[in-house]
Each structure stands twice: as structure tokens, then as C-alpha cells.
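Q: mmCIF, C-alpha atoms, saved as entry-v4.cif, coming up:
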data_start
loop_
_atom_site.label_atom_id
_atom_site.label_comp_id
_atom_site.auth_asym_id
_atom_site.auth_seq_id
_atom_site.Cartn_x
_atom_site.Cartn_y
_atom_site.Cartn_z
CA MET A 1 92.79 134.61 105.38
CA SER A 2 94.06 131.06 105.22
CA GLY A 3 96.56 129.55 107.64
CA GLY A 4 98.95 126.83 106.67
CA ASN A 5 102.00 127.46 108.83
CA ARG A 6 101.84 123.92 110.20
CA ARG A 7 99.57 122.44 107.56
CA PHE A 8 100.24 118.88 106.51
CA ARG A 9 99.55 117.83 102.95
CA PRO A 10 99.79 114.02 102.69
CA SER A 11 99.84 114.01 98.87
CA LEU A 12 102.82 116.39 98.85
CA ALA A 13 104.63 114.33 101.51
CA ALA A 14 104.07 111.18 99.42
CA ARG A 15 105.66 112.86 96.40
CA GLU A 16 108.60 114.00 98.51
CA LEU A 17 109.07 110.43 99.77
CA ALA A 18 109.06 108.94 96.26
CA ALA A 19 112.42 107.26 96.93
CA TYR A 20 110.54 104.96 99.33
CA GLY A 21 107.77 104.24 96.83
CA VAL A 22 105.21 106.00 99.03
CA VAL A 23 101.56 105.96 98.01
CA ASN A 24 99.10 108.21 99.84
CA ILE A 25 95.73 106.70 100.79
CA GLY A 26 93.09 109.33 101.49
CA ALA A 27 93.55 112.61 103.33
CA ALA A 28 94.42 111.43 106.84
CA GLY A 29 98.10 110.63 106.40
CA THR A 30 97.84 106.92 105.62
CA PHE A 31 100.80 105.84 103.51
CA VAL A 32 102.00 102.67 101.87
CA ALA A 33 105.77 102.57 101.40
CA ARG A 34 106.54 99.99 98.75
CA THR A 35 110.32 100.19 99.32
CA PRO A 36 110.72 101.47 102.89
CA GLY A 37 114.16 100.01 103.59
CA ALA A 38 115.26 100.21 107.22
CA THR A 39 112.38 101.13 109.55
CA ASP A 40 114.33 103.74 111.53
CA ARG A 41 115.52 105.46 108.36
CA PHE A 42 112.04 105.56 106.85
CA ARG A 43 110.50 106.77 110.13
CA ALA A 44 113.05 109.62 110.25
CA ALA A 45 112.40 110.56 106.62
CA LEU A 46 108.65 110.63 107.23
CA ALA A 47 109.01 112.62 110.45
CA GLY A 48 111.13 115.11 108.53
CA LYS A 49 108.17 115.83 106.25
CA LEU A 50 105.78 116.59 109.12
CA PRO A 51 105.36 120.22 110.18
CA PHE A 52 104.69 119.11 113.77
CA ALA A 53 105.86 116.49 116.24
CA THR A 54 103.72 113.35 116.39
CA GLU A 55 103.82 109.64 117.05
CA ILE A 56 104.23 107.57 113.88
CA ALA A 57 102.53 104.18 113.79
CA LEU A 58 104.12 101.71 111.39
CA CYS A 59 103.20 98.17 110.48
CA THR A 60 104.40 95.87 107.75
CA GLY A 61 102.58 95.06 104.55
CA GLU A 62 102.60 91.44 105.65
CA GLU A 63 100.76 92.36 108.86
CA ILE A 64 98.13 94.29 106.89
CA LEU A 65 97.63 91.48 104.39
CA GLN A 66 97.37 88.86 107.16
CA LEU A 67 94.74 90.99 108.87
CA VAL A 68 92.72 91.50 105.69
CA HIS A 69 92.90 87.82 104.74
CA ALA A 70 91.75 86.86 108.26
CA ASP A 71 88.65 89.02 107.60
CA PRO A 72 88.09 89.91 111.28
CA PHE A 73 84.78 91.66 110.59
CA ARG A 74 83.26 88.72 108.68
CA GLY A 75 79.79 88.06 109.98
CA LEU A 76 79.49 91.52 111.50
CA ALA A 77 75.91 92.64 111.37
CA THR A 78 75.98 95.44 108.85
CA ALA A 79 74.10 98.64 109.44
CA PRO A 80 74.73 102.11 108.03
CA ASP A 81 75.46 103.49 111.50
CA ILE A 82 78.03 100.81 112.50
CA VAL A 83 81.63 101.39 111.37
CA PRO A 84 84.37 98.75 111.71
CA PHE A 85 87.80 100.19 112.48
CA VAL A 86 91.41 99.23 113.06
CA SER A 87 93.74 101.10 115.40
CA VAL A 88 97.48 100.62 114.93
CA ARG A 89 99.43 100.71 118.19
CA VAL A 90 102.66 102.69 118.27
CA ASN A 91 103.95 100.79 121.33
CA ARG A 92 103.17 97.13 120.85
CA ALA A 93 104.49 96.28 124.31
CA ALA A 94 101.83 98.37 126.05
CA ASN A 95 99.41 96.60 128.35
CA LEU A 96 96.00 96.27 126.79
CA PRO A 97 92.63 96.15 128.49
CA ALA A 98 90.59 92.99 128.76
CA LEU A 99 88.57 92.62 125.58
CA PRO A 100 85.87 92.65 124.38
CA ARG A 101 84.96 95.98 125.95
CA GLN A 102 82.16 98.41 125.31
CA LEU A 103 82.08 102.15 125.84
CA PRO A 104 80.32 103.59 127.60
CA ALA A 105 80.37 100.72 130.08
CA ARG A 106 76.62 101.02 130.69
CA GLY A 107 73.74 101.60 128.37
CA GLU A 108 73.83 101.41 124.59
CA TRP A 109 77.37 100.96 123.31
CA LEU A 110 78.94 103.59 121.07
CA LEU A 111 82.39 102.00 120.81
CA TRP A 112 82.97 98.26 120.95
CA LEU A 113 86.56 96.97 121.18
CA THR A 114 86.50 93.39 119.96
CA GLY A 115 90.08 92.16 119.94
CA VAL A 116 93.78 92.55 119.30
CA THR A 117 95.90 90.91 116.66
CA GLY A 118 99.55 91.87 116.32
CA PRO A 119 99.82 95.66 116.30
CA PHE A 120 96.08 96.11 115.69
CA VAL A 121 93.18 96.83 118.00
CA LEU A 122 89.88 96.01 116.31
CA GLY A 123 86.45 97.36 116.96
CA THR A 124 83.33 99.07 115.76
CA TYR A 125 81.71 102.37 116.55
CA ARG A 126 78.35 103.99 115.96
CA ARG A 127 78.16 107.03 113.69
CA GLU A 128 77.45 109.44 116.51
CA ARG A 129 79.30 112.51 117.74
CA LYS A 130 79.85 110.98 121.18
CA ALA A 131 81.49 107.92 119.60
CA ILE A 132 84.12 110.12 117.95
CA GLY A 133 85.02 111.46 121.39
CA LEU A 134 85.38 107.89 122.65
CA LEU A 135 87.73 107.10 119.76
CA GLY A 136 89.86 109.94 121.08
CA GLN A 137 90.24 107.99 124.33
CA LEU A 138 91.81 104.95 122.66
CA ASP A 139 95.36 106.13 123.41
CA GLY A 140 94.65 105.89 127.13
CA ILE A 141 92.69 102.66 126.84
CA CYS A 142 95.42 101.00 124.75
CA GLY A 143 98.28 102.12 126.98
CA GLY A 144 99.86 104.42 124.40
CA ALA A 145 99.39 106.18 121.11
CA VAL A 146 97.28 104.59 118.38
CA THR A 147 96.12 105.79 115.01
CA THR A 148 92.68 104.69 113.90
CA ARG A 149 91.46 103.99 110.39
CA ASN A 150 88.17 102.82 108.98
CA TRP A 151 88.19 99.20 107.76
CA ARG A 152 87.60 100.47 104.21
CA THR A 153 90.90 102.37 104.43
CA ILE A 154 92.70 99.20 105.53
CA LEU A 155 91.18 97.37 102.56
CA ALA A 156 92.45 100.16 100.26
CA VAL A 157 95.95 99.74 101.72
CA ALA A 158 95.76 95.99 101.06
CA ARG A 159 94.75 96.63 97.43
CA VAL A 160 97.84 98.81 96.95
CA LEU A 161 100.03 96.16 98.57
CA GLU A 162 98.61 93.40 96.37
CA ARG A 163 99.33 95.26 93.10
#
Any chance you could put this one into C-alpha cells?
A:
Amino acid sequence: MSGGNRRFRPSLAARELAAYGVVNIGAAGTFVARTPGATDRFRAALAGKLPFATEIALCTGEEILQLVHADPFRGLATAPDIVPFVSVRVNRAANLPALPRQLPARGEWLLWLTGVTGPFVLGTYRRERKAIGLLGQLDGICGGAVTTRNWRTILAVARVLER
């Protein structure tokens, strides 16, 4: 038997938000709104499509494009087990920890927070189960809710914005 009472389908939500020019990126609820209008109105419309209460992290297309053009992961030693990521802060006024910062604090790092720019917290993590648990701690580390996306997802958002 399949559930679905509180199931969220991003592709369906994007279609229902067509008036805002919403494009769905992937399966995690990453949207680009080409014509969002007033932020509060768009946030309410999006929240109305969610079958559960949650924090909604928004940033502007300009902020995304500035981040991508700054290429913050340029020069990053590439390895298949190292994943660059961007977390978008819901509350930009929250106090942030001193960066850079590694987790765990001792031993081999699994999560490395490298910096903050605008609404974004930047970092890398190792493809290990324990690292995923550390990503779950970012809300507390960043002083409030964040949503985290792989750098490749951010690049996909930028491609939609540049069309």
C-alpha cells in the first residue's frame, strides 16, 4: 500500500504555480520563479501548495547569478568523494559561526564550511553517511533554517535564469 497523504510532488507544484513562471529543478523542491512578483505573495502561493508546514528559503536570481559568476569552488581539489554545496539561509540576520570550520572538529573532516556570501553558506562534504548527518546540523550551526543544494543544482538554476 502506498501513502501519499502528505506527499509533495515538486513537478505538480511547479505546474500549479505557472502564473509565476515556476520551473522545477530536480526532485528536492528547488524552483526558479521567472515572474515571482512580490516576495510575500509568492511565498504564500508556494506555501499553499505544500502539504506540510516548512521554512521556505528564497533568494533572487541576481544573487544566484552573482554566486555562480564568482565561481566560489574554483580551484577546489576535485575528487569523486568531495561534494561542493550551497546552503540558503532562511534568516539572513542570524549569527553565523566563525568560518572556515570543519566537522567533526577533530580528525578527518567530513563537512567543511568555507564561507558566507549574501544568503549563502558554502562548503564541501565527503560522500559518507556520517557527513549527511552533519549536513542535518547546519540549521543549528547557521543560527536558523537552511536548505542545502549540491553545487551542480545551483549551476542548473543559473542555466534556467540565463535563458
Q: I'd like to see the residues matched by the PyMOL selection byres ((chain A and resi 10) around 10) on this file, and ideally I'd get them as a compact mmCIF listing (two decimals) with C-alpha atoms, keeping the file's coordinate frame.
A:
# COMPACT_ATOMS: atom_id res chain seq x y z
CA ARG A 7 99.57 122.44 107.56
CA PHE A 8 100.24 118.88 106.51
CA ARG A 9 99.55 117.83 102.95
CA SER A 11 99.84 114.01 98.87
CA LEU A 12 102.82 116.39 98.85
CA ALA A 13 104.63 114.33 101.51
CA ALA A 14 104.07 111.18 99.42
CA ARG A 15 105.66 112.86 96.40
CA GLU A 16 108.60 114.00 98.51
CA VAL A 23 101.56 105.96 98.01
CA ASN A 24 99.10 108.21 99.84
CA ILE A 25 95.73 106.70 100.79
CA GLY A 26 93.09 109.33 101.49
CA ALA A 27 93.55 112.61 103.33
CA ALA A 28 94.42 111.43 106.84
CA GLY A 29 98.10 110.63 106.40
CA THR A 30 97.84 106.92 105.62
CA PHE A 31 100.80 105.84 103.51
CA LYS A 49 108.17 115.83 106.25
CA LEU A 50 105.78 116.59 109.12
Q: Could you write out as an MDAnalysis selection string the residues that the PyMOL selection byres ((chain A and resi 71-81) around 10) matches in the shown file?
A: chainID A and resid 65:70 82:85 114:115 117 122:128 151
Q: In Å, rounded to a single decimal, give me how far atom CA of A:Arg89 is from atom CA of A:Glu55.
A: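 Separation of atom CA of A:Glu55 and atom CA of A:Arg89: 10.0 Å.
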Q: Need the neighbours of (97.7, 106.1, 118.3): which residues are at most 9 Å away, counting only C-alpha atoms, as a list of chain:residue names?
A: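 Using only C-alpha atoms, the matching residues come out as A:Glu55, A:Ile56, A:Ala57, A:Ser87, A:Val88, A:Arg89, A:Val90, A:Asn91, A:Leu138, A:Asp139, A:Cys142, A:Gly144, A:Ala145, A:Val146, A:Thr147, A:Thr148.
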Q: Could you tell me how far atom CA of A:Asn95 lies from atom CA of A:Gly140, in Å and to one decimal?
A: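 Going from atom CA of A:Asn95 over to atom CA of A:Gly140, I get 10.5 Å.
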Q: Determine the nearest neighbour of A:Leu110 from the options A:Glu62, A:Ile141, A:Arg92, A:Lys130, counting only C-alpha atoms.
A: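 Distance minimum relative to A:Leu110 lands on A:Lys130.
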Q: Using all atoms listed in the file, can you tell me which of A:Pro100, A:Gly118, A:Gly21, A:Gly48 comes closest to A:Thr35?
A: A:Gly21
